[in-house]
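Pasting data-v5.pdb here (PDB, N, CA, C and O atoms):
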```pdb
ATOM      1  N   MET W   1      89.326  94.651 107.477
ATOM      2  CA  MET W   1      90.625  95.272 107.438
ATOM      3  C   MET W   1      91.422  94.773 106.240
ATOM      4  O   MET W   1      92.039  95.557 105.548
ATOM      5  N   LEU W   2      91.422  93.497 105.976
ATOM      6  CA  LEU W   2      92.197  92.976 104.863
ATOM      7  C   LEU W   2      91.714  93.507 103.521
ATOM      8  O   LEU W   2      92.497  93.692 102.615
ATOM      9  N   LEU W   3      90.426  93.756 103.436
ATOM     10  CA  LEU W   3      89.874  94.236 102.186
ATOM     11  C   LEU W   3      89.962  95.747 102.064
ATOM     12  O   LEU W   3      89.616  96.295 101.031
ATOM     13  N   GLN W   4      90.434  96.422 103.097
ATOM     14  CA  GLN W   4      90.534  97.880 103.121
ATOM     15  C   GLN W   4      91.964  98.293 103.478
ATOM     16  O   GLN W   4      92.267  98.559 104.637
ATOM     17  N   PRO W   5      92.871  98.357 102.511
ATOM     18  CA  PRO W   5      94.270  98.685 102.817
ATOM     19  C   PRO W   5      94.448 100.005 103.560
ATOM     20  O   PRO W   5      95.335 100.120 104.403
ATOM     21  N   ASP W   6      93.633 101.013 103.248
ATOM     22  CA  ASP W   6      93.758 102.288 103.955
ATOM     23  C   ASP W   6      93.469 102.116 105.441
ATOM     24  O   ASP W   6      94.158 102.684 106.299
ATOM     25  N   THR W   7      92.461 101.327 105.743
ATOM     26  CA  THR W   7      92.111 101.059 107.147
ATOM     27  C   THR W   7      93.242 100.297 107.822
ATOM     28  O   THR W   7      93.616 100.609 108.953
ATOM     29  N   ALA W   8      93.790  99.322 107.135
ATOM     30  CA  ALA W   8      94.902  98.552 107.699
ATOM     31  C   ALA W   8      96.078  99.471 108.032
ATOM     32  O   ALA W   8      96.700  99.340 109.084
ATOM     33  N   GLY W   9      96.367 100.407 107.140
ATOM     34  CA  GLY W   9      97.454 101.349 107.396
ATOM     35  C   GLY W   9      97.192 102.222 108.609
ATOM     36  O   GLY W   9      98.097 102.473 109.417
ATOM     37  N   ARG W  10      95.945 102.680 108.757
ATOM     38  CA  ARG W  10      95.605 103.506 109.922
ATOM     39  C   ARG W  10      95.704 102.699 111.209
ATOM     40  O   ARG W  10      96.155 103.214 112.240
ATOM     41  N   VAL W  11      95.306 101.436 111.162
ATOM     42  CA  VAL W  11      95.401 100.583 112.355
ATOM     43  C   VAL W  11      96.862 100.402 112.742
ATOM     44  O   VAL W  11      97.221 100.506 113.916
ATOM     45  N   ARG W  12      97.730 100.157 111.755
ATOM     46  CA  ARG W  12      99.161  99.990 112.052
ATOM     47  C   ARG W  12      99.760 101.270 112.642
ATOM     48  O   ARG W  12     100.620 101.201 113.520
ATOM     49  N   THR W  13      99.297 102.414 112.175
ATOM     50  CA  THR W  13      99.783 103.684 112.721
ATOM     51  C   THR W  13      99.297 103.876 114.151
ATOM     52  O   THR W  13     100.053 104.302 115.028
ATOM     53  N   ALA W  14      98.039 103.536 114.397
ATOM     54  CA  ALA W  14      97.443 103.723 115.730
ATOM     55  C   ALA W  14      97.986 102.719 116.744
ATOM     56  O   ALA W  14      98.020 103.013 117.940
ATOM     57  N   PHE W  15      98.402 101.554 116.272
ATOM     58  CA  PHE W  15      98.881 100.502 117.179
ATOM     59  C   PHE W  15     100.283 100.059 116.760
ATOM     60  O   PHE W  15     100.462  99.001 116.149
ATOM     61  N   PRO W  16     101.299 100.848 117.087
ATOM     62  CA  PRO W  16     102.660 100.504 116.662
ATOM     63  C   PRO W  16     103.162  99.166 117.202
ATOM     64  O   PRO W  16     104.117  98.608 116.671
ATOM     65  N   VAL W  17     102.497  98.635 118.218
ATOM     66  CA  VAL W  17     102.886  97.323 118.747
ATOM     67  C   VAL W  17     102.794  96.250 117.660
ATOM     68  O   VAL W  17     103.482  95.229 117.742
ATOM     69  N   LEU W  18     101.984  96.496 116.636
ATOM     70  CA  LEU W  18     101.862  95.511 115.566
ATOM     71  C   LEU W  18     103.183  95.285 114.847
ATOM     72  O   LEU W  18     103.380  94.249 114.222
ATOM     73  N   GLY W  19     104.110  96.240 114.943
ATOM     74  CA  GLY W  19     105.413  96.074 114.326
ATOM     75  C   GLY W  19     106.420  95.351 115.208
ATOM     76  O   GLY W  19     107.523  95.064 114.785
ATOM     77  N   SER W  20     106.019  95.024 116.419
ATOM     78  CA  SER W  20     106.921  94.349 117.358
ATOM     79  C   SER W  20     106.843  92.830 117.182
ATOM     80  O   SER W  20     105.931  92.316 116.538
ATOM     81  N   PRO W  21     107.792  92.100 117.769
ATOM     82  CA  PRO W  21     107.716  90.639 117.715
ATOM     83  C   PRO W  21     106.398  90.098 118.288
ATOM     84  O   PRO W  21     105.814  89.168 117.722
ATOM     85  N   ALA W  22     105.918  90.679 119.371
ATOM     86  CA  ALA W  22     104.646  90.229 119.949
ATOM     87  C   ALA W  22     103.488  90.512 119.000
ATOM     88  O   ALA W  22     102.568  89.697 118.850
ATOM     89  N   GLY W  23     103.540  91.664 118.333
ATOM     90  CA  GLY W  23     102.501  92.002 117.369
ATOM     91  C   GLY W  23     102.511  91.064 116.176
ATOM     92  O   GLY W  23     101.458  90.645 115.681
ATOM     93  N   LEU W  24     103.700  90.713 115.712
ATOM     94  CA  LEU W  24     103.822  89.763 114.611
ATOM     95  C   LEU W  24     103.249  88.407 115.011
ATOM     96  O   LEU W  24     102.515  87.782 114.240
ATOM     97  N   ALA W  25     103.556  87.965 116.213
ATOM     98  CA  ALA W  25     103.016  86.687 116.691
ATOM     99  C   ALA W  25     101.485  86.738 116.737
ATOM    100  O   ALA W  25     100.812  85.763 116.363
ATOM    101  N   ALA W  26     100.942  87.864 117.165
ATOM    102  CA  ALA W  26      99.486  88.004 117.217
ATOM    103  C   ALA W  26      98.898  87.968 115.812
ATOM    104  O   ALA W  26      97.880  87.298 115.576
ATOM    105  N   GLU W  27      99.526  88.667 114.875
ATOM    106  CA  GLU W  27      99.022  88.665 113.496
ATOM    107  C   GLU W  27      99.072  87.269 112.886
ATOM    108  O   GLU W  27      98.130  86.845 112.207
ATOM    109  N   VAL W  28     100.167  86.559 113.117
ATOM    110  CA  VAL W  28     100.296  85.192 112.590
ATOM    111  C   VAL W  28      99.194  84.303 113.160
ATOM    112  O   VAL W  28      98.576  83.515 112.437
ATOM    113  N   THR W  29      98.934  84.443 114.439
ATOM    114  CA  THR W  29      97.897  83.639 115.092
ATOM    115  C   THR W  29      96.527  83.913 114.484
ATOM    116  O   THR W  29      95.790  82.990 114.134
ATOM    117  N   VAL W  30      96.185  85.191 114.348
ATOM    118  CA  VAL W  30      94.874  85.554 113.804
ATOM    119  C   VAL W  30      94.756  85.102 112.352
ATOM    120  O   VAL W  30      93.728  84.553 111.942
ATOM    121  N   CYS W  31      95.804  85.303 111.578
ATOM    122  CA  CYS W  31      95.783  84.892 110.180
ATOM    123  C   CYS W  31      95.565  83.378 110.077
ATOM    124  O   CYS W  31      94.741  82.916 109.280
ATOM    125  N   ALA W  32      96.285  82.615 110.874
ATOM    126  CA  ALA W  32      96.133  81.151 110.858
ATOM    127  C   ALA W  32      94.724  80.738 111.253
ATOM    128  O   ALA W  32      94.129  79.836 110.637
ATOM    129  N   GLN W  33      94.174  81.385 112.263
ATOM    130  CA  GLN W  33      92.814  81.054 112.689
ATOM    131  C   GLN W  33      91.810  81.352 111.578
ATOM    132  O   GLN W  33      90.895  80.556 111.329
ATOM    133  N   LEU W  34      91.973  82.481 110.917
ATOM    134  CA  LEU W  34      91.056  82.818 109.830
ATOM    135  C   LEU W  34      91.228  81.880 108.638
ATOM    136  O   LEU W  34      90.249  81.497 107.989
ATOM    137  N   LEU W  35      92.455  81.471 108.334
ATOM    138  CA  LEU W  35      92.669  80.502 107.260
ATOM    139  C   LEU W  35      92.029  79.159 107.596
ATOM    140  O   LEU W  35      91.545  78.457 106.698
ATOM    141  N   GLN W  36      91.992  78.801 108.862
ATOM    142  CA  GLN W  36      91.301  77.576 109.266
ATOM    143  C   GLN W  36      89.810  77.665 108.976
ATOM    144  O   GLN W  36      89.194  76.682 108.571
ATOM    145  N   THR W  37      89.224  78.855 109.162
ATOM    146  CA  THR W  37      87.800  78.995 108.868
ATOM    147  C   THR W  37      87.561  78.842 107.369
ATOM    148  O   THR W  37      86.554  78.265 106.962
ATOM    149  N   VAL W  38      88.494  79.319 106.554
ATOM    150  CA  VAL W  38      88.376  79.152 105.106
ATOM    151  C   VAL W  38      88.431  77.668 104.751
ATOM    152  O   VAL W  38      87.641  77.185 103.931
ATOM    153  N   ALA W  39      89.332  76.935 105.391
ATOM    154  CA  ALA W  39      89.456  75.496 105.133
ATOM    155  C   ALA W  39      88.169  74.749 105.479
ATOM    156  O   ALA W  39      87.881  73.702 104.894
ATOM    157  N   ARG W  40      87.400  75.316 106.416
ATOM    158  CA  ARG W  40      86.117  74.692 106.799
ATOM    159  C   ARG W  40      84.969  75.162 105.914
ATOM    160  O   ARG W  40      83.826  74.778 106.120
ATOM    161  N   GLY W  41      85.264  76.052 104.969
ATOM    162  CA  GLY W  41      84.237  76.526 104.050
ATOM    163  C   GLY W  41      83.598  77.847 104.434
ATOM    164  O   GLY W  41      82.642  78.280 103.796
ATOM    165  N   ASP W  42      84.105  78.497 105.461
ATOM    166  CA  ASP W  42      83.593  79.802 105.881
ATOM    167  C   ASP W  42      84.528  80.905 105.379
ATOM    168  O   ASP W  42      85.687  80.662 105.061
ATOM    169  N   ASN W  43      84.032  82.125 105.344
ATOM    170  CA  ASN W  43      84.846  83.304 104.993
ATOM    171  C   ASN W  43      85.581  83.150 103.666
ATOM    172  O   ASN W  43      86.689  83.670 103.493
ATOM    173  N   LEU W  44      84.967  82.459 102.735
ATOM    174  CA  LEU W  44      85.643  82.176 101.468
ATOM    175  C   LEU W  44      86.011  83.447 100.703
ATOM    176  O   LEU W  44      87.004  83.465  99.981
ATOM    177  N   VAL W  45      85.243  84.502 100.896
ATOM    178  CA  VAL W  45      85.535  85.766 100.226
ATOM    179  C   VAL W  45      86.879  86.344 100.680
ATOM    180  O   VAL W  45      87.502  87.117  99.963
ATOM    181  N   LEU W  46      87.348  85.941 101.841
ATOM    182  CA  LEU W  46      88.613  86.452 102.388
ATOM    183  C   LEU W  46      89.824  85.612 102.002
ATOM    184  O   LEU W  46      90.961  85.996 102.287
ATOM    185  N   GLU W  47      89.606  84.484 101.353
ATOM    186  CA  GLU W  47      90.716  83.558 101.131
ATOM    187  C   GLU W  47      91.919  84.199 100.440
ATOM    188  O   GLU W  47      93.053  84.077 100.907
ATOM    189  N   GLY W  48      91.695  84.883  99.344
ATOM    190  CA  GLY W  48      92.814  85.497  98.622
ATOM    191  C   GLY W  48      93.557  86.513  99.472
ATOM    192  O   GLY W  48      94.790  86.507  99.524
ATOM    193  N   SER W  49      92.811  87.348 100.144
ATOM    194  CA  SER W  49      93.437  88.365 101.003
ATOM    195  C   SER W  49      94.188  87.721 102.155
ATOM    196  O   SER W  49      95.277  88.174 102.531
ATOM    197  N   LEU W  50      93.619  86.671 102.722
ATOM    198  CA  LEU W  50      94.295  85.982 103.830
ATOM    199  C   LEU W  50      95.586  85.327 103.361
ATOM    200  O   LEU W  50      96.604  85.380 104.055
ATOM    201  N   ARG W  51      95.554  84.728 102.195
ATOM    202  CA  ARG W  51      96.775  84.089 101.671
ATOM    203  C   ARG W  51      97.843  85.144 101.370
ATOM    204  O   ARG W  51      99.032  84.919 101.623
ATOM    205  N   ASN W  52      97.416  86.300 100.853
ATOM    206  CA  ASN W  52      98.370  87.394 100.629
ATOM    207  C   ASN W  52      98.961  87.872 101.949
ATOM    208  O   ASN W  52     100.164  88.126 102.043
ATOM    209  N   TRP W  53      98.104  88.009 102.954
ATOM    210  CA  TRP W  53      98.556  88.434 104.271
ATOM    211  C   TRP W  53      99.552  87.426 104.836
ATOM    212  O   TRP W  53     100.599  87.795 105.381
ATOM    213  N   ALA W  54      99.233  86.130 104.708
ATOM    214  CA  ALA W  54     100.133  85.089 105.194
ATOM    215  C   ALA W  54     101.498  85.179 104.504
ATOM    216  O   ALA W  54     102.545  85.053 105.150
ATOM    217  N   GLY W  55     101.488  85.441 103.206
ATOM    218  CA  GLY W  55     102.749  85.596 102.472
ATOM    219  C   GLY W  55     103.530  86.796 102.984
ATOM    220  O   GLY W  55     104.757  86.730 103.148
ATOM    221  N   GLU W  56     102.822  87.890 103.233
ATOM    222  CA  GLU W  56     103.472  89.086 103.770
ATOM    223  C   GLU W  56     104.081  88.795 105.148
ATOM    224  O   GLU W  56     105.209  89.206 105.438
ATOM    225  N   LEU W  57     103.345  88.085 105.970
ATOM    226  CA  LEU W  57     103.844  87.753 107.311
ATOM    227  C   LEU W  57     105.094  86.885 107.234
ATOM    228  O   LEU W  57     106.025  87.047 108.027
ATOM    229  N   ARG W  58     105.140  85.960 106.267
ATOM    230  CA  ARG W  58     106.319  85.094 106.127
ATOM    231  C   ARG W  58     107.552  85.894 105.717
ATOM    232  O   ARG W  58     108.673  85.516 106.033
ATOM    233  N   ARG W  59     107.339  87.001 104.998
ATOM    234  CA  ARG W  59     108.481  87.823 104.553
ATOM    235  C   ARG W  59     108.996  88.756 105.643
ATOM    236  O   ARG W  59     110.069  89.333 105.492
ATOM    237  N   ARG W  60     108.261  88.917 106.728
ATOM    238  CA  ARG W  60     108.702  89.856 107.782
ATOM    239  C   ARG W  60     109.754  89.279 108.657
ATOM    240  O   ARG W  60     109.969  88.293 109.068
TER     241      ARG W  60
END
```
Taking this structure as input, can you express it in the form of structure tokens?
Amino acid sequence: MLLQPDTAGRVRTAFPVLGSPAGLAAEVTVCAQLLQTVARGDNLVLEGSLRNWAGELRRR
């Protein structure tokens, strides 16, 4: 999803709850968990996208 902005947009349209406070909390949780995997040396290809996502989440 992070590497496919069009898909991310369709998911947000299909699941409007993602725009709610509960949805934001869920996104923050998932983003943090995925960043932890990067810190352990996994999912390194996602690091840039995850950091961008984290920045976007902080601005919301």
**Complete:** Using only C-alpha atoms, the shortest atom-to-atom distance to Gln4 of chain W among W:Ser49, W:Leu24, W:Gly55, W:Arg60 belongs to W:Ser49
**Request:** Tell me which of W:Arg59, W:Asp6, W:Val17, W:Leu34 sits closest to Glu47 of chain W, counting all atoms listed in the file.
**Result:**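 Of the candidates, the smallest distance to Glu47 of chain W is held by W:Leu34.
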**Request:** Choose the residue, out of W:Leu3, W:Val45, W:Val11, W:Leu57, that has the smallest atom-to-atom separation from Val28 of chain W; count only C-alpha atoms.
**Result:**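 Once distances to Val28 of chain W are computed over only C-alpha atoms, the minimum belongs to W:Leu57.
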**Request:** Run the PyMOL selection byres (((chain W and resi 35 and name CA) around 12) and name CA) against the file shown and list the residues it catches, as a ChimeraX atom specification.
**Result:** /W:28-34,36-54
Taking the block above, write segment 46-60 of chain W with all heavy atoms as a PDB file, in the first residue's frame.
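To be explicit, this is the file written out as decode.pdb:
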```pdb
ATOM      1  N   LEU W  46      11.044  -0.662   2.595  1.00  0.00           N
ATOM      2  CA  LEU W  46       9.917   0.197   2.990  1.00  0.00           C
ATOM      3  C   LEU W  46      10.333   1.384   3.850  1.00  0.00           C
ATOM      4  O   LEU W  46       9.509   2.252   4.146  1.00  0.00           O
ATOM      5  CB  LEU W  46       8.881  -0.623   3.768  1.00  0.00           C
ATOM      6  CG  LEU W  46       8.170  -1.737   3.015  1.00  0.00           C
ATOM      7  CD1 LEU W  46       7.230  -2.480   3.948  1.00  0.00           C
ATOM      8  CD2 LEU W  46       7.420  -1.182   1.821  1.00  0.00           C
ATOM      9  N   GLU W  47      11.590   1.445   4.246  1.00  0.00           N
ATOM     10  CA  GLU W  47      11.987   2.458   5.223  1.00  0.00           C
ATOM     11  C   GLU W  47      11.621   3.883   4.809  1.00  0.00           C
ATOM     12  O   GLU W  47      11.014   4.627   5.581  1.00  0.00           O
ATOM     13  CB  GLU W  47      13.488   2.382   5.519  1.00  0.00           C
ATOM     14  CG  GLU W  47      13.901   3.388   6.575  1.00  0.00           C
ATOM     15  CD  GLU W  47      15.345   3.254   7.011  1.00  0.00           C
ATOM     16  OE1 GLU W  47      16.124   2.545   6.352  1.00  0.00           O
ATOM     17  OE2 GLU W  47      15.678   3.861   8.033  1.00  0.00           O
ATOM     18  N   GLY W  48      11.971   4.274   3.608  1.00  0.00           N
ATOM     19  CA  GLY W  48      11.672   5.640   3.165  1.00  0.00           C
ATOM     20  C   GLY W  48      10.181   5.927   3.161  1.00  0.00           C
ATOM     21  O   GLY W  48       9.741   6.970   3.652  1.00  0.00           O
ATOM     22  N   SER W  49       9.423   5.002   2.637  1.00  0.00           N
ATOM     23  CA  SER W  49       7.965   5.184   2.592  1.00  0.00           C
ATOM     24  C   SER W  49       7.375   5.225   3.992  1.00  0.00           C
ATOM     25  O   SER W  49       6.461   6.011   4.269  1.00  0.00           O
ATOM     26  CB  SER W  49       7.323   4.059   1.787  1.00  0.00           C
ATOM     27  OG  SER W  49       7.715   4.142   0.437  1.00  0.00           O
ATOM     28  N   LEU W  50       7.886   4.385   4.876  1.00  0.00           N
ATOM     29  CA  LEU W  50       7.382   4.379   6.255  1.00  0.00           C
ATOM     30  C   LEU W  50       7.703   5.688   6.961  1.00  0.00           C
ATOM     31  O   LEU W  50       6.865   6.231   7.687  1.00  0.00           O
ATOM     32  CB  LEU W  50       7.960   3.199   7.038  1.00  0.00           C
ATOM     33  CG  LEU W  50       7.410   1.832   6.668  1.00  0.00           C
ATOM     34  CD1 LEU W  50       8.263   0.728   7.295  1.00  0.00           C
ATOM     35  CD2 LEU W  50       5.961   1.701   7.099  1.00  0.00           C
ATOM     36  N   ARG W  51       8.890   6.199   6.745  1.00  0.00           N
ATOM     37  CA  ARG W  51       9.260   7.476   7.382  1.00  0.00           C
ATOM     38  C   ARG W  51       8.403   8.618   6.828  1.00  0.00           C
ATOM     39  O   ARG W  51       7.989   9.509   7.578  1.00  0.00           O
ATOM     40  CB  ARG W  51      10.740   7.742   7.222  1.00  0.00           C
ATOM     41  CG  ARG W  51      11.572   6.718   7.970  1.00  0.00           C
ATOM     42  CD  ARG W  51      12.961   7.182   8.310  1.00  0.00           C
ATOM     43  NE  ARG W  51      13.681   6.136   9.004  1.00  0.00           N
ATOM     44  CZ  ARG W  51      13.537   5.836  10.284  1.00  0.00           C
ATOM     45  NH1 ARG W  51      12.676   6.503  11.020  1.00  0.00           N
ATOM     46  NH2 ARG W  51      14.244   4.871  10.840  1.00  0.00           N
ATOM     47  N   ASN W  52       8.120   8.577   5.522  1.00  0.00           N
ATOM     48  CA  ASN W  52       7.223   9.583   4.940  1.00  0.00           C
ATOM     49  C   ASN W  52       5.828   9.473   5.540  1.00  0.00           C
ATOM     50  O   ASN W  52       5.196  10.486   5.851  1.00  0.00           O
ATOM     51  CB  ASN W  52       7.149   9.420   3.423  1.00  0.00           C
ATOM     52  CG  ASN W  52       8.432   9.818   2.740  1.00  0.00           C
ATOM     53  OD1 ASN W  52       9.254  10.554   3.286  1.00  0.00           O
ATOM     54  ND2 ASN W  52       8.625   9.321   1.531  1.00  0.00           N
ATOM     55  N   TRP W  53       5.350   8.242   5.679  1.00  0.00           N
ATOM     56  CA  TRP W  53       4.038   8.009   6.265  1.00  0.00           C
ATOM     57  C   TRP W  53       4.002   8.529   7.699  1.00  0.00           C
ATOM     58  O   TRP W  53       3.044   9.191   8.117  1.00  0.00           O
ATOM     59  CB  TRP W  53       3.717   6.520   6.199  1.00  0.00           C
ATOM     60  CG  TRP W  53       2.344   6.116   6.643  1.00  0.00           C
ATOM     61  CD1 TRP W  53       1.211   6.867   6.681  1.00  0.00           C
ATOM     62  CD2 TRP W  53       1.963   4.819   7.111  1.00  0.00           C
ATOM     63  NE1 TRP W  53       0.147   6.110   7.140  1.00  0.00           N
ATOM     64  CE2 TRP W  53       0.595   4.860   7.397  1.00  0.00           C
ATOM     65  CE3 TRP W  53       2.653   3.630   7.298  1.00  0.00           C
ATOM     66  CZ2 TRP W  53      -0.097   3.746   7.893  1.00  0.00           C
ATOM     67  CZ3 TRP W  53       1.958   2.535   7.768  1.00  0.00           C
ATOM     68  CH2 TRP W  53       0.598   2.587   8.060  1.00  0.00           C
ATOM     69  N   ALA W  54       5.057   8.234   8.471  1.00  0.00           N
ATOM     70  CA  ALA W  54       5.127   8.708   9.850  1.00  0.00           C
ATOM     71  C   ALA W  54       5.075  10.239   9.906  1.00  0.00           C
ATOM     72  O   ALA W  54       4.380  10.819  10.749  1.00  0.00           O
ATOM     73  CB  ALA W  54       6.393   8.189  10.537  1.00  0.00           C
ATOM     74  N   GLY W  55       5.770  10.888   8.985  1.00  0.00           N
ATOM     75  CA  GLY W  55       5.737  12.354   8.930  1.00  0.00           C
ATOM     76  C   GLY W  55       4.336  12.854   8.614  1.00  0.00           C
ATOM     77  O   GLY W  55       3.863  13.832   9.211  1.00  0.00           O
ATOM     78  N   GLU W  56       3.676  12.186   7.677  1.00  0.00           N
ATOM     79  CA  GLU W  56       2.304  12.559   7.330  1.00  0.00           C
ATOM     80  C   GLU W  56       1.376  12.387   8.540  1.00  0.00           C
ATOM     81  O   GLU W  56       0.534  13.247   8.815  1.00  0.00           O
ATOM     82  CB  GLU W  56       1.809  11.684   6.177  1.00  0.00           C
ATOM     83  CG  GLU W  56       0.372  11.905   5.806  1.00  0.00           C
ATOM     84  CD  GLU W  56      -0.157  10.834   4.858  1.00  0.00           C
ATOM     85  OE1 GLU W  56       0.585  10.423   3.956  1.00  0.00           O
ATOM     86  OE2 GLU W  56      -1.316  10.422   5.045  1.00  0.00           O
ATOM     87  N   LEU W  57       1.546  11.298   9.251  1.00  0.00           N
ATOM     88  CA  LEU W  57       0.707  11.046  10.430  1.00  0.00           C
ATOM     89  C   LEU W  57       0.921  12.113  11.496  1.00  0.00           C
ATOM     90  O   LEU W  57      -0.026  12.538  12.164  1.00  0.00           O
ATOM     91  CB  LEU W  57       0.995   9.653  10.998  1.00  0.00           C
ATOM     92  CG  LEU W  57       0.541   8.482  10.127  1.00  0.00           C
ATOM     93  CD1 LEU W  57       1.099   7.174  10.662  1.00  0.00           C
ATOM     94  CD2 LEU W  57      -0.972   8.423  10.034  1.00  0.00           C
ATOM     95  N   ARG W  58       2.168  12.572  11.662  1.00  0.00           N
ATOM     96  CA  ARG W  58       2.447  13.609  12.666  1.00  0.00           C
ATOM     97  C   ARG W  58       1.778  14.931  12.302  1.00  0.00           C
ATOM     98  O   ARG W  58       1.446  15.723  13.176  1.00  0.00           O
ATOM     99  CB  ARG W  58       3.946  13.810  12.817  1.00  0.00           C
ATOM    100  CG  ARG W  58       4.620  12.758  13.668  1.00  0.00           C
ATOM    101  CD  ARG W  58       6.049  13.139  14.020  1.00  0.00           C
ATOM    102  NE  ARG W  58       6.920  13.188  12.865  1.00  0.00           N
ATOM    103  CZ  ARG W  58       7.583  12.161  12.374  1.00  0.00           C
ATOM    104  NH1 ARG W  58       7.485  10.975  12.928  1.00  0.00           N
ATOM    105  NH2 ARG W  58       8.356  12.297  11.323  1.00  0.00           N
ATOM    106  N   ARG W  59       1.590  15.173  11.000  1.00  0.00           N
ATOM    107  CA  ARG W  59       0.960  16.434  10.567  1.00  0.00           C
ATOM    108  C   ARG W  59      -0.560  16.401  10.672  1.00  0.00           C
ATOM    109  O   ARG W  59      -1.201  17.442  10.559  1.00  0.00           O
ATOM    110  CB  ARG W  59       1.379  16.748   9.135  1.00  0.00           C
ATOM    111  CG  ARG W  59       2.836  17.161   9.006  1.00  0.00           C
ATOM    112  CD  ARG W  59       3.184  17.616   7.614  1.00  0.00           C
ATOM    113  NE  ARG W  59       3.173  16.549   6.651  1.00  0.00           N
ATOM    114  CZ  ARG W  59       4.198  15.704   6.399  1.00  0.00           C
ATOM    115  NH1 ARG W  59       5.299  15.822   7.115  1.00  0.00           N
ATOM    116  NH2 ARG W  59       4.099  14.768   5.480  1.00  0.00           N
ATOM    117  N   ARG W  60      -1.148  15.237  10.883  1.00  0.00           N
ATOM    118  CA  ARG W  60      -2.624  15.157  10.937  1.00  0.00           C
ATOM    119  C   ARG W  60      -3.172  15.600  12.243  1.00  0.00           C
ATOM    120  O   ARG W  60      -2.861  15.520  13.285  1.00  0.00           O
ATOM    121  CB  ARG W  60      -3.078  13.719  10.671  1.00  0.00           C
ATOM    122  CG  ARG W  60      -3.005  13.400   9.211  1.00  0.00           C
ATOM    123  CD  ARG W  60      -3.872  12.221   8.919  1.00  0.00           C
ATOM    124  NE  ARG W  60      -3.218  11.341   7.980  1.00  0.00           N
ATOM    125  CZ  ARG W  60      -3.537  10.076   7.812  1.00  0.00           C
ATOM    126  NH1 ARG W  60      -4.471   9.529   8.526  1.00  0.00           N
ATOM    127  NH2 ARG W  60      -2.935   9.353   6.935  1.00  0.00           N
TER     128      ARG W  60
END
```
